[in-house]
Every structure is written in C-alpha cells, then in structure tokens.
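Listing of upload.pdb, PDB, C-alpha atoms, pLDDT in the B column
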```pdb
ATOM      1  CA  MET A  15      -8.462  21.332  16.027  1.00 80.00           C
ATOM      2  CA  GLU A  16      -7.592  24.044  13.529  1.00 87.00           C
ATOM      3  CA  ASP A  17     -10.588  23.071  11.355  1.00 90.00           C
ATOM      4  CA  PRO A  18     -13.761  21.038  11.931  1.00 91.00           C
ATOM      5  CA  PRO A  19     -13.113  17.316  11.252  1.00 84.00           C
ATOM      6  CA  GLY A  20     -13.806  16.345   7.657  1.00 83.00           C
ATOM      7  CA  THR A  21     -13.496  19.852   6.231  1.00 88.00           C
ATOM      8  CA  ARG A  22      -9.814  20.017   5.242  1.00 90.00           C
ATOM      9  CA  PHE A  23      -7.472  17.282   4.034  1.00 92.00           C
ATOM     10  CA  ILE A  24      -4.103  16.770   5.704  1.00 90.00           C
ATOM     11  CA  TYR A  25      -2.133  13.580   5.065  1.00 89.00           C
ATOM     12  CA  ASN A  26      -1.752  12.087   8.530  1.00 88.00           C
ATOM     13  CA  THR A  27       0.190   8.877   9.215  1.00 92.00           C
ATOM     14  CA  GLY A  28      -0.368   9.324  12.937  1.00 92.00           C
ATOM     15  CA  ALA A  29      -4.122   8.886  12.528  1.00 92.00           C
ATOM     16  CA  SER A  30      -3.526   5.569  10.732  1.00 95.00           C
ATOM     17  CA  HIS A  31      -1.352   4.429  13.632  1.00 96.00           C
ATOM     18  CA  VAL A  32      -4.135   5.292  16.056  1.00 96.00           C
ATOM     19  CA  LEU A  33      -6.472   3.028  14.042  1.00 96.00           C
ATOM     20  CA  SER A  34      -3.995   0.168  14.475  1.00 97.00           C
ATOM     21  CA  ALA A  35      -3.902   0.833  18.222  1.00 98.00           C
ATOM     22  CA  ILE A  36      -7.714   0.849  18.387  1.00 98.00           C
ATOM     23  CA  VAL A  37      -7.928  -2.548  16.653  1.00 97.00           C
ATOM     24  CA  GLN A  38      -5.369  -3.993  19.063  1.00 98.00           C
ATOM     25  CA  LYS A  39      -7.125  -2.587  22.126  1.00 97.00           C
ATOM     26  CA  ARG A  40     -10.578  -3.810  21.059  1.00 97.00           C
ATOM     27  CA  THR A  41      -9.530  -7.267  19.816  1.00 97.00           C
ATOM     28  CA  GLY A  42      -6.514  -8.061  21.967  1.00 97.00           C
ATOM     29  CA  SER A  43      -4.538  -8.905  18.820  1.00 97.00           C
ATOM     30  CA  LYS A  44      -1.930  -7.005  16.888  1.00 97.00           C
ATOM     31  CA  LEU A  45      -3.214  -5.787  13.541  1.00 97.00           C
ATOM     32  CA  ILE A  46      -1.040  -8.258  11.629  1.00 97.00           C
ATOM     33  CA  ASP A  47      -2.435 -11.148  13.700  1.00 98.00           C
ATOM     34  CA  TYR A  48      -6.007  -9.897  13.415  1.00 97.00           C
ATOM     35  CA  LEU A  49      -5.724  -9.770   9.615  1.00 97.00           C
ATOM     36  CA  GLN A  50      -4.058 -13.176   9.272  1.00 97.00           C
ATOM     37  CA  PRO A  51      -7.222 -15.361   9.209  1.00 97.00           C
ATOM     38  CA  ARG A  52      -9.482 -12.612   7.844  1.00 97.00           C
ATOM     39  CA  LEU A  53      -7.406 -11.293   4.931  1.00 97.00           C
ATOM     40  CA  PHE A  54      -3.946 -12.769   4.437  1.00 97.00           C
ATOM     41  CA  GLU A  55      -4.840 -16.461   4.589  1.00 98.00           C
ATOM     42  CA  PRO A  56      -7.936 -16.274   2.326  1.00 98.00           C
ATOM     43  CA  LEU A  57      -5.908 -14.321  -0.260  1.00 98.00           C
ATOM     44  CA  GLY A  58      -2.959 -16.714  -0.043  1.00 97.00           C
ATOM     45  CA  ILE A  59      -0.632 -13.993   1.250  1.00 97.00           C
ATOM     46  CA  GLU A  60       2.259 -15.473   3.244  1.00 95.00           C
ATOM     47  CA  ASN A  61       5.259 -14.271   5.258  1.00 95.00           C
ATOM     48  CA  VAL A  62       3.997 -10.737   5.812  1.00 95.00           C
ATOM     49  CA  THR A  63       6.048  -8.665   8.245  1.00 96.00           C
ATOM     50  CA  TRP A  64       5.017  -5.405   9.884  1.00 97.00           C
ATOM     51  CA  ASP A  65       6.988  -2.908  11.956  1.00 96.00           C
ATOM     52  CA  GLN A  66       5.773  -2.099  15.447  1.00 95.00           C
ATOM     53  CA  ASP A  67       6.363   0.678  17.923  1.00 95.00           C
ATOM     54  CA  SER A  68       7.871   0.430  21.390  1.00 94.00           C
ATOM     55  CA  HIS A  69       4.445  -0.543  22.799  1.00 95.00           C
ATOM     56  CA  GLY A  70       4.126  -3.544  20.485  1.00 96.00           C
ATOM     57  CA  ILE A  71       1.562  -1.863  18.186  1.00 97.00           C
ATOM     58  CA  ASN A  72       1.946  -2.358  14.446  1.00 97.00           C
ATOM     59  CA  THR A  73       2.700   0.951  12.737  1.00 96.00           C
ATOM     60  CA  GLY A  74      -0.650   1.557  11.098  1.00 94.00           C
ATOM     61  CA  GLY A  75       0.577   3.999   8.467  1.00 92.00           C
ATOM     62  CA  PHE A  76       3.636   2.176   7.128  1.00 93.00           C
ATOM     63  CA  GLY A  77       6.100  -0.684   7.614  1.00 94.00           C
ATOM     64  CA  MET A  78       4.200  -3.680   6.176  1.00 94.00           C
ATOM     65  CA  ARG A  79       6.209  -5.811   3.732  1.00 94.00           C
ATOM     66  CA  ALA A  80       4.686  -8.154   1.170  1.00 93.00           C
ATOM     67  CA  ARG A  81       5.422  -9.404  -2.352  1.00 93.00           C
ATOM     68  CA  THR A  82       4.338  -7.638  -5.520  1.00 93.00           C
ATOM     69  CA  GLU A  83       2.015 -10.578  -6.198  1.00 95.00           C
ATOM     70  CA  ASP A  84       0.383 -10.042  -2.809  1.00 96.00           C
ATOM     71  CA  ILE A  85      -0.199  -6.363  -3.547  1.00 96.00           C
ATOM     72  CA  ALA A  86      -1.927  -7.423  -6.766  1.00 97.00           C
ATOM     73  CA  ARG A  87      -4.166  -9.817  -4.849  1.00 98.00           C
ATOM     74  CA  PHE A  88      -5.192  -7.020  -2.494  1.00 97.00           C
ATOM     75  CA  GLY A  89      -6.096  -4.797  -5.439  1.00 98.00           C
ATOM     76  CA  GLN A  90      -8.016  -7.625  -7.103  1.00 98.00           C
ATOM     77  CA  LEU A  91     -10.027  -8.144  -3.924  1.00 98.00           C
ATOM     78  CA  TYR A  92     -11.212  -4.538  -4.105  1.00 98.00           C
ATOM     79  CA  LEU A  93     -11.861  -4.749  -7.852  1.00 98.00           C
ATOM     80  CA  GLN A  94     -14.141  -7.724  -7.087  1.00 98.00           C
ATOM     81  CA  LYS A  95     -16.044  -5.705  -4.451  1.00 98.00           C
ATOM     82  CA  GLY A  96     -14.592  -7.688  -1.557  1.00 98.00           C
ATOM     83  CA  VAL A  97     -15.217 -11.169  -2.982  1.00 98.00           C
ATOM     84  CA  TRP A  98     -12.422 -13.752  -3.153  1.00 98.00           C
ATOM     85  CA  GLY A  99     -12.807 -17.416  -3.999  1.00 95.00           C
ATOM     86  CA  GLY A 100     -16.567 -17.158  -3.687  1.00 96.00           C
ATOM     87  CA  ARG A 101     -16.355 -15.643  -0.178  1.00 96.00           C
ATOM     88  CA  GLN A 102     -17.378 -12.105   0.746  1.00 97.00           C
ATOM     89  CA  LEU A 103     -14.328 -11.006   2.757  1.00 98.00           C
ATOM     90  CA  LEU A 104     -15.238  -7.304   2.756  1.00 97.00           C
ATOM     91  CA  ARG A 105     -18.669  -5.719   2.694  1.00 97.00           C
ATOM     92  CA  PRO A 106     -19.353  -4.253  -0.770  1.00 97.00           C
ATOM     93  CA  ASP A 107     -20.688  -1.025   0.721  1.00 97.00           C
ATOM     94  CA  TRP A 108     -17.401  -0.593   2.602  1.00 97.00           C
ATOM     95  CA  VAL A 109     -15.406  -1.163  -0.585  1.00 98.00           C
ATOM     96  CA  GLU A 110     -17.514   1.445  -2.356  1.00 98.00           C
ATOM     97  CA  ALA A 111     -17.180   4.007   0.442  1.00 98.00           C
ATOM     98  CA  ALA A 112     -13.456   3.438   1.020  1.00 98.00           C
ATOM     99  CA  THR A 113     -12.551   3.894  -2.638  1.00 98.00           C
ATOM    100  CA  SER A 114     -14.870   6.812  -3.371  1.00 97.00           C
ATOM    101  CA  LEU A 115     -14.060  10.494  -3.025  1.00 96.00           C
ATOM    102  CA  GLN A 116     -14.546  11.398   0.639  1.00 95.00           C
ATOM    103  CA  ILE A 117     -12.599  14.661   0.680  1.00 94.00           C
ATOM    104  CA  ALA A 118     -10.817  16.871  -1.841  1.00 93.00           C
ATOM    105  CA  THR A 119      -7.032  17.025  -1.567  1.00 93.00           C
ATOM    106  CA  SER A 120      -6.575  20.098  -3.761  1.00 88.00           C
ATOM    107  CA  ALA A 121      -8.671  22.845  -5.279  1.00 76.00           C
ATOM    108  CA  ASN A 122      -6.591  22.760  -8.479  1.00 78.00           C
ATOM    109  CA  PRO A 123      -5.820  19.137  -9.432  1.00 78.00           C
ATOM    110  CA  VAL A 124      -2.488  18.880 -11.254  1.00 80.00           C
ATOM    111  CA  SER A 125      -0.894  15.652 -10.022  1.00 85.00           C
ATOM    112  CA  ASN A 126      -1.695  12.065  -9.028  1.00 89.00           C
ATOM    113  CA  TRP A 127      -2.150  13.270  -5.425  1.00 91.00           C
ATOM    114  CA  ASP A 128      -4.594  16.096  -6.152  1.00 93.00           C
ATOM    115  CA  LEU A 129      -7.645  14.060  -7.138  1.00 93.00           C
ATOM    116  CA  GLY A 130      -9.128  13.301  -3.760  1.00 95.00           C
ATOM    117  CA  TYR A 131      -8.954  10.762  -0.947  1.00 96.00           C
ATOM    118  CA  GLY A 132     -11.226   8.002   0.320  1.00 96.00           C
ATOM    119  CA  TYR A 133     -10.624   5.856   3.406  1.00 95.00           C
ATOM    120  CA  GLN A 134      -6.898   5.053   3.164  1.00 95.00           C
ATOM    121  CA  PHE A 135      -7.182   5.107  -0.649  1.00 97.00           C
ATOM    122  CA  TRP A 136      -6.080   7.854  -3.024  1.00 96.00           C
ATOM    123  CA  ARG A 137      -8.294   8.703  -5.966  1.00 96.00           C
ATOM    124  CA  GLY A 138      -6.547   8.838  -9.345  1.00 94.00           C
ATOM    125  CA  ARG A 139      -6.853   9.523 -13.026  1.00 93.00           C
ATOM    126  CA  HIS A 140      -9.259   7.569 -15.251  1.00 94.00           C
ATOM    127  CA  ASP A 141     -11.636   7.108 -12.288  1.00 95.00           C
ATOM    128  CA  SER A 142      -9.044   4.920 -10.559  1.00 96.00           C
ATOM    129  CA  TYR A 143      -8.108   4.474  -6.928  1.00 98.00           C
ATOM    130  CA  ARG A 144      -5.005   3.104  -5.264  1.00 97.00           C
ATOM    131  CA  ALA A 145      -3.322   1.925  -2.087  1.00 96.00           C
ATOM    132  CA  ASP A 146      -0.161   4.009  -1.971  1.00 93.00           C
ATOM    133  CA  GLY A 147       2.993   3.029  -0.066  1.00 90.00           C
ATOM    134  CA  ALA A 148       6.364   4.664   0.489  1.00 89.00           C
ATOM    135  CA  PHE A 149       8.749   5.238  -2.426  1.00 90.00           C
ATOM    136  CA  GLY A 150       6.423   3.945  -5.135  1.00 90.00           C
ATOM    137  CA  GLN A 151       4.550   0.900  -3.790  1.00 93.00           C
ATOM    138  CA  TYR A 152       1.133   0.829  -5.466  1.00 95.00           C
ATOM    139  CA  ALA A 153      -1.994  -1.253  -5.887  1.00 97.00           C
ATOM    140  CA  VAL A 154      -3.844   0.655  -8.612  1.00 97.00           C
ATOM    141  CA  VAL A 155      -7.415  -0.316  -9.525  1.00 98.00           C
ATOM    142  CA  VAL A 156      -9.117   0.941 -12.700  1.00 97.00           C
ATOM    143  CA  PRO A 157     -12.643  -0.549 -12.578  1.00 96.00           C
ATOM    144  CA  ALA A 158     -13.672   0.672 -16.047  1.00 94.00           C
ATOM    145  CA  GLN A 159     -10.830  -1.355 -17.569  1.00 93.00           C
ATOM    146  CA  ASP A 160     -11.144  -4.325 -15.182  1.00 94.00           C
ATOM    147  CA  LEU A 161      -7.504  -3.584 -14.378  1.00 95.00           C
ATOM    148  CA  VAL A 162      -5.265  -4.000 -11.347  1.00 97.00           C
ATOM    149  CA  GLY A 163      -1.699  -2.745 -11.470  1.00 95.00           C
ATOM    150  CA  ALA A 164       0.792  -3.718  -8.751  1.00 95.00           C
ATOM    151  CA  ILE A 165       4.068  -1.816  -8.543  1.00 93.00           C
ATOM    152  CA  THR A 166       6.955  -2.196  -6.098  1.00 91.00           C
ATOM    153  CA  ALA A 167       9.739   0.350  -6.358  1.00 88.00           C
ATOM    154  CA  GLY A 168      12.248   2.457  -4.516  1.00 86.00           C
ATOM    155  CA  SER A 169      11.921   5.801  -6.215  1.00 84.00           C
ATOM    156  CA  GLY A 170      12.008   9.383  -5.092  1.00 83.00           C
ATOM    157  CA  THR A 171      10.027  10.363  -8.203  1.00 84.00           C
ATOM    158  CA  LEU A 172       6.680   8.832  -7.318  1.00 83.00           C
ATOM    159  CA  ASP A 173       4.826   9.979 -10.445  1.00 85.00           C
ATOM    160  CA  LYS A 174       6.937   7.819 -12.773  1.00 87.00           C
ATOM    161  CA  GLY A 175       5.358   4.474 -11.935  1.00 87.00           C
ATOM    162  CA  LEU A 176       1.832   5.828 -12.187  1.00 92.00           C
ATOM    163  CA  ASP A 177       2.562   7.739 -15.391  1.00 90.00           C
ATOM    164  CA  CYS A 178       3.758   4.496 -17.003  1.00 90.00           C
ATOM    165  CA  LEU A 179       0.305   3.044 -16.360  1.00 91.00           C
ATOM    166  CA  TRP A 180      -1.468   6.026 -17.893  1.00 93.00           C
ATOM    167  CA  LYS A 181       0.874   6.599 -20.849  1.00 93.00           C
ATOM    168  CA  VAL A 182       1.937   3.061 -21.780  1.00 91.00           C
ATOM    169  CA  LEU A 183      -0.321   0.352 -20.362  1.00 91.00           C
ATOM    170  CA  LEU A 184      -3.734   1.979 -20.471  1.00 91.00           C
ATOM    171  CA  PRO A 185      -3.578   3.049 -24.163  1.00 90.00           C
ATOM    172  CA  GLY A 186      -2.521  -0.483 -25.110  1.00 87.00           C
ATOM    173  CA  LEU A 187      -5.626  -2.116 -23.672  1.00 89.00           C
ATOM    174  CA  GLN A 188      -8.188  -3.408 -26.142  1.00 84.00           C
ATOM    175  CA  PRO A 189     -11.905  -4.104 -25.630  1.00 83.00           C
ATOM    176  CA  ALA A 190     -11.543  -7.701 -26.858  1.00 84.00           C
ATOM    177  CA  GLU A 191      -9.126 -10.491 -25.972  1.00 85.00           C
ATOM    178  CA  LEU A 192      -5.921 -10.682 -27.971  1.00 83.00           C
ATOM    179  CA  PRO A 193      -5.491 -13.676 -30.278  1.00 91.00           C
ATOM    180  CA  ALA A 194      -3.352 -16.504 -28.916  1.00 94.00           C
ATOM    181  CA  ASP A 195       0.372 -16.081 -29.567  1.00 96.00           C
ATOM    182  CA  PRO A 196       2.254 -19.068 -28.090  1.00 96.00           C
ATOM    183  CA  ALA A 197       5.647 -17.811 -29.251  1.00 97.00           C
ATOM    184  CA  ALA A 198       5.246 -14.399 -27.643  1.00 95.00           C
ATOM    185  CA  HIS A 199       3.803 -15.951 -24.483  1.00 95.00           C
ATOM    186  CA  GLY A 200       6.760 -18.319 -24.242  1.00 96.00           C
ATOM    187  CA  ALA A 201       9.225 -15.473 -24.715  1.00 96.00           C
ATOM    188  CA  LEU A 202       7.488 -13.412 -22.021  1.00 94.00           C
ATOM    189  CA  THR A 203       7.447 -16.355 -19.604  1.00 95.00           C
ATOM    190  CA  GLU A 204      11.144 -16.964 -20.149  1.00 95.00           C
ATOM    191  CA  ARG A 205      11.939 -13.290 -19.691  1.00 95.00           C
ATOM    192  CA  LEU A 206       9.972 -13.050 -16.435  1.00 91.00           C
ATOM    193  CA  SER A 207      11.474 -16.212 -14.985  1.00 93.00           C
ATOM    194  CA  GLY A 208      14.960 -14.774 -15.432  1.00 91.00           C
ATOM    195  CA  LEU A 209      14.312 -11.429 -13.765  1.00 89.00           C
ATOM    196  CA  ALA A 210      15.879 -10.824 -10.374  1.00 87.00           C
ATOM    197  CA  LEU A 211      16.798  -7.909  -8.168  1.00 81.00           C
ATOM    198  CA  VAL A 212      20.293  -8.261  -6.770  1.00 85.00           C
ATOM    199  CA  PRO A 213      20.536  -6.808  -3.243  1.00 83.00           C
ATOM    200  CA  ARG A 214      22.917  -3.899  -2.898  1.00 82.00           C
ATOM    201  CA  ALA A 215      26.223  -4.779  -1.329  1.00 86.00           C
ATOM    202  CA  GLY A 216      27.256  -3.009   1.851  1.00 84.00           C
ATOM    203  CA  ALA A 217      28.474  -3.335   5.380  1.00 81.00           C
ATOM    204  CA  VAL A 218      26.164  -4.835   7.982  1.00 80.00           C
ATOM    205  CA  SER A 219      26.963  -2.068  10.429  1.00 80.00           C
ATOM    206  CA  SER A 220      27.727   1.637  10.421  1.00 81.00           C
ATOM    207  CA  VAL A 221      30.452   3.700  12.026  1.00 79.00           C
ATOM    208  CA  LEU A 222      27.628   5.735  13.593  1.00 83.00           C
ATOM    209  CA  GLU A 223      25.977   2.686  15.162  1.00 81.00           C
ATOM    210  CA  GLY A 224      27.844   2.895  18.458  1.00 79.00           C
ATOM    211  CA  GLU A 225      27.282   6.625  18.777  1.00 80.00           C
ATOM    212  CA  LEU A 226      23.543   6.289  18.143  1.00 79.00           C
ATOM    213  CA  GLU A 227      23.184   3.414  20.576  1.00 77.00           C
ATOM    214  CA  GLU A 228      24.932   5.482  23.217  1.00 74.00           C
ATOM    215  CA  ARG A 229      22.574   8.401  22.618  1.00 72.00           C
ATOM    216  CA  ASN A 230      19.481   6.176  22.804  1.00 66.00           C
ATOM    217  CA  SER A 231      20.547   4.166  25.863  1.00 65.00           C
ATOM    218  CA  PRO A 232      18.457   4.884  28.986  1.00 61.00           C
ATOM    219  CA  SER A 233      20.223   6.811  31.679  1.00 59.00           C
ATOM    220  CA  THR A 234      19.299   8.362  35.001  1.00 46.00           C
ATOM    221  CA  PRO A 235      20.325  11.997  35.258  1.00 53.00           C
ATOM    222  CA  THR A 236      21.743  13.170  38.550  1.00 48.00           C
ATOM    223  CA  ARG A 237      20.858  16.439  40.156  1.00 47.00           C
ATOM    224  CA  SER A 238      22.252  18.267  43.116  1.00 47.00           C
ATOM    225  CA  ALA A 239      19.811  19.435  45.735  1.00 43.00           C
TER     226      ALA A 239
END
```

Please re-express this file's structure in structure tokens.
Amino acid sequence: MEDPPGTRFIYNTGASHVLSAIVQKRTGSKLIDYLQPRLFEPLGIENVTWDQDSHGINTGGFGMRARTEDIARFGQLYLQKGVWGGRQLLRPDWVEAATSLQIATSANPVSNWDLGYGYQFWRGRHDSYRADGAFGQYAVVVPAQDLVGAITAGSGTLDKGLDCLWKVLLPGLQPAELPADPAAHGALTERLSGLALVPRAGAVSSVLEGELEERNSPSTPTRSA
C-alpha cells in the first residue's frame, strides 16, 4: 500500500470487482442472481444483463445493462431511504452512509468529479449524489428538490448530461405544483411515445476478428531441452 487505507482517493474498478467476487463466494450466487429477489424484482426491473469474467464472476465495476426507467427506479429507492412499495429494501443508515462524503476526491473542487465520494456513489453539486456509469449513464439524486434524474448516453464529454440538470432542469423547478395543462401534457406524451434510438448500421464481424481469435487461442509452447 502506498498510503494507509482510507487516506487517499483513487478510482478503482478492481476493488468493485473484488466485492462482486466476495458476494459470490459467501452466498454461492452470482451478484446478478443474488440481487434478483432482493432488488430487481421488488423494483420491477426486468431483463437485466451483466458481464462476467472468465471465472464466472459478474464484473463488479461495470457491464450491467438496464433501461433508463430502471435507473430511475434505483435512484428513487435511494431518495426514499431504501423504502419501496412499503417495504424497507435497504437499511436507512446504509443509504445515508453510502451517499454521504466518505473521502475527498480533490483538494480544489472544479468539476462534477471533485466533490467527494461515498460508497460507490459520487457526491455532486447542490448536495446531490449519483450512481455513475460509463459514457454518461447516471442516476442523480437531489434530496433537497425531491428529484431523481436518470440519464443514459454514449458521450465522451461526461459533464454535458450533468450540466443540463444544473443549468436547465434545476432552475426550472418550482416549490409548488404546476397548474394542470392537458394540452401540454398531451403534446409531451405524444412526443415521448414517438422517440426512438435507431441502432447504428454495421457489419456483424470485423476483418480483425480472425487475427484476434488466433492470438487469444490457447497453445502449448514447445521447448528444446
């Protein structure tokens, strides 16, 4: 160890993978299977997939795929202190500890990643916290505004999605409910129902596929005595 544990922050996906391995060793179930009756089913999250390594262990730090709606449900669970449908799925003291500042990530905060880290949660502006996935996948919780923001993206500029929340959505929130507007609600519903993301077209294989498979194929080296 270069520094005593808990004294210096280093983003570490490997440590998250070790946690997944620990759960599997202690319970005898892959992490995705362990969470199925305890988290996914109560929240109504279906068809989750999760990458795994060559030992059959789910990659603890990445590789889980779910819908934007499911990400929102996860954030809402934490906003509600672990309660869902009248059931306490997570202990409230765990929710509080996991989403609170546990260690500083920078001495001079200037970005959305410099405001501290909890237990697998980043701290953010406006006393927020978030689950933060690759290329702009976010479940952002702002308790003071009773707000959960779910974002799925594929961006190399990770600040953009979060900045939209802070610059556009947050200033538009009001302390009281908006008056009913059936026409606007109907227009929004129609607009949302017509949105779709067309998959990018491309070949199902690569010219490098054969070369890579050859490199990765097991072989027994021969040596002369």

List as a PyMOL selection string the residues having at least one atom at most 12 Å from position (-2.6, 10.4, 7.1) as given in the file, counting only C-alpha atoms.
chain A and resi 23-33+74-76+119+131-136+146-147

Run the PyMOL selection byres ((chain A and resi 153) around 12) mentally over the shown coordinates, then write out the matched residues as a PDB file with C-alpha atoms, in the frame of the given file, using the chain letters and numbers from the document.
```pdb
ATOM      1  CA  ALA A  80       4.686  -8.154   1.170  1.00 93.00           C
ATOM      2  CA  ARG A  81       5.422  -9.404  -2.352  1.00 93.00           C
ATOM      3  CA  THR A  82       4.338  -7.638  -5.520  1.00 93.00           C
ATOM      4  CA  GLU A  83       2.015 -10.578  -6.198  1.00 95.00           C
ATOM      5  CA  ASP A  84       0.383 -10.042  -2.809  1.00 96.00           C
ATOM      6  CA  ILE A  85      -0.199  -6.363  -3.547  1.00 96.00           C
ATOM      7  CA  ALA A  86      -1.927  -7.423  -6.766  1.00 97.00           C
ATOM      8  CA  ARG A  87      -4.166  -9.817  -4.849  1.00 98.00           C
ATOM      9  CA  PHE A  88      -5.192  -7.020  -2.494  1.00 97.00           C
ATOM     10  CA  GLY A  89      -6.096  -4.797  -5.439  1.00 98.00           C
ATOM     11  CA  GLN A  90      -8.016  -7.625  -7.103  1.00 98.00           C
ATOM     12  CA  LEU A  91     -10.027  -8.144  -3.924  1.00 98.00           C
ATOM     13  CA  TYR A  92     -11.212  -4.538  -4.105  1.00 98.00           C
ATOM     14  CA  LEU A  93     -11.861  -4.749  -7.852  1.00 98.00           C
ATOM     15  CA  PHE A 135      -7.182   5.107  -0.649  1.00 97.00           C
ATOM     16  CA  TRP A 136      -6.080   7.854  -3.024  1.00 96.00           C
ATOM     17  CA  ARG A 137      -8.294   8.703  -5.966  1.00 96.00           C
ATOM     18  CA  GLY A 138      -6.547   8.838  -9.345  1.00 94.00           C
ATOM     19  CA  SER A 142      -9.044   4.920 -10.559  1.00 96.00           C
ATOM     20  CA  TYR A 143      -8.108   4.474  -6.928  1.00 98.00           C
ATOM     21  CA  ARG A 144      -5.005   3.104  -5.264  1.00 97.00           C
ATOM     22  CA  ALA A 145      -3.322   1.925  -2.087  1.00 96.00           C
ATOM     23  CA  ASP A 146      -0.161   4.009  -1.971  1.00 93.00           C
ATOM     24  CA  GLY A 147       2.993   3.029  -0.066  1.00 90.00           C
ATOM     25  CA  GLY A 150       6.423   3.945  -5.135  1.00 90.00           C
ATOM     26  CA  GLN A 151       4.550   0.900  -3.790  1.00 93.00           C
ATOM     27  CA  TYR A 152       1.133   0.829  -5.466  1.00 95.00           C
ATOM     28  CA  VAL A 154      -3.844   0.655  -8.612  1.00 97.00           C
ATOM     29  CA  VAL A 155      -7.415  -0.316  -9.525  1.00 98.00           C
ATOM     30  CA  VAL A 156      -9.117   0.941 -12.700  1.00 97.00           C
ATOM     31  CA  LEU A 161      -7.504  -3.584 -14.378  1.00 95.00           C
ATOM     32  CA  VAL A 162      -5.265  -4.000 -11.347  1.00 97.00           C
ATOM     33  CA  GLY A 163      -1.699  -2.745 -11.470  1.00 95.00           C
ATOM     34  CA  ALA A 164       0.792  -3.718  -8.751  1.00 95.00           C
ATOM     35  CA  ILE A 165       4.068  -1.816  -8.543  1.00 93.00           C
ATOM     36  CA  THR A 166       6.955  -2.196  -6.098  1.00 91.00           C
ATOM     37  CA  ALA A 167       9.739   0.350  -6.358  1.00 88.00           C
ATOM     38  CA  GLY A 175       5.358   4.474 -11.935  1.00 87.00           C
ATOM     39  CA  LEU A 176       1.832   5.828 -12.187  1.00 92.00           C
ATOM     40  CA  LEU A 179       0.305   3.044 -16.360  1.00 91.00           C
TER      41      LEU A 179
END
```

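Counting all atoms listed in the file and comparing A:Gly77, A:Leu206, A:Pro157, A:Asp17, the residue that lies closest to A:Glu110 is A:Pro157.
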
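The two atoms in question, atom CA of A:Asp141 and atom CA of A:Lys95, are spaced 15.7 Å apart.
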
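Going from atom CA of A:Thr73 over to atom CA of A:Lys44, you cover 10.1 Å.
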
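The space separating atom CA of A:Trp127 from atom CA of A:Asp173 comes to 9.2 Å.
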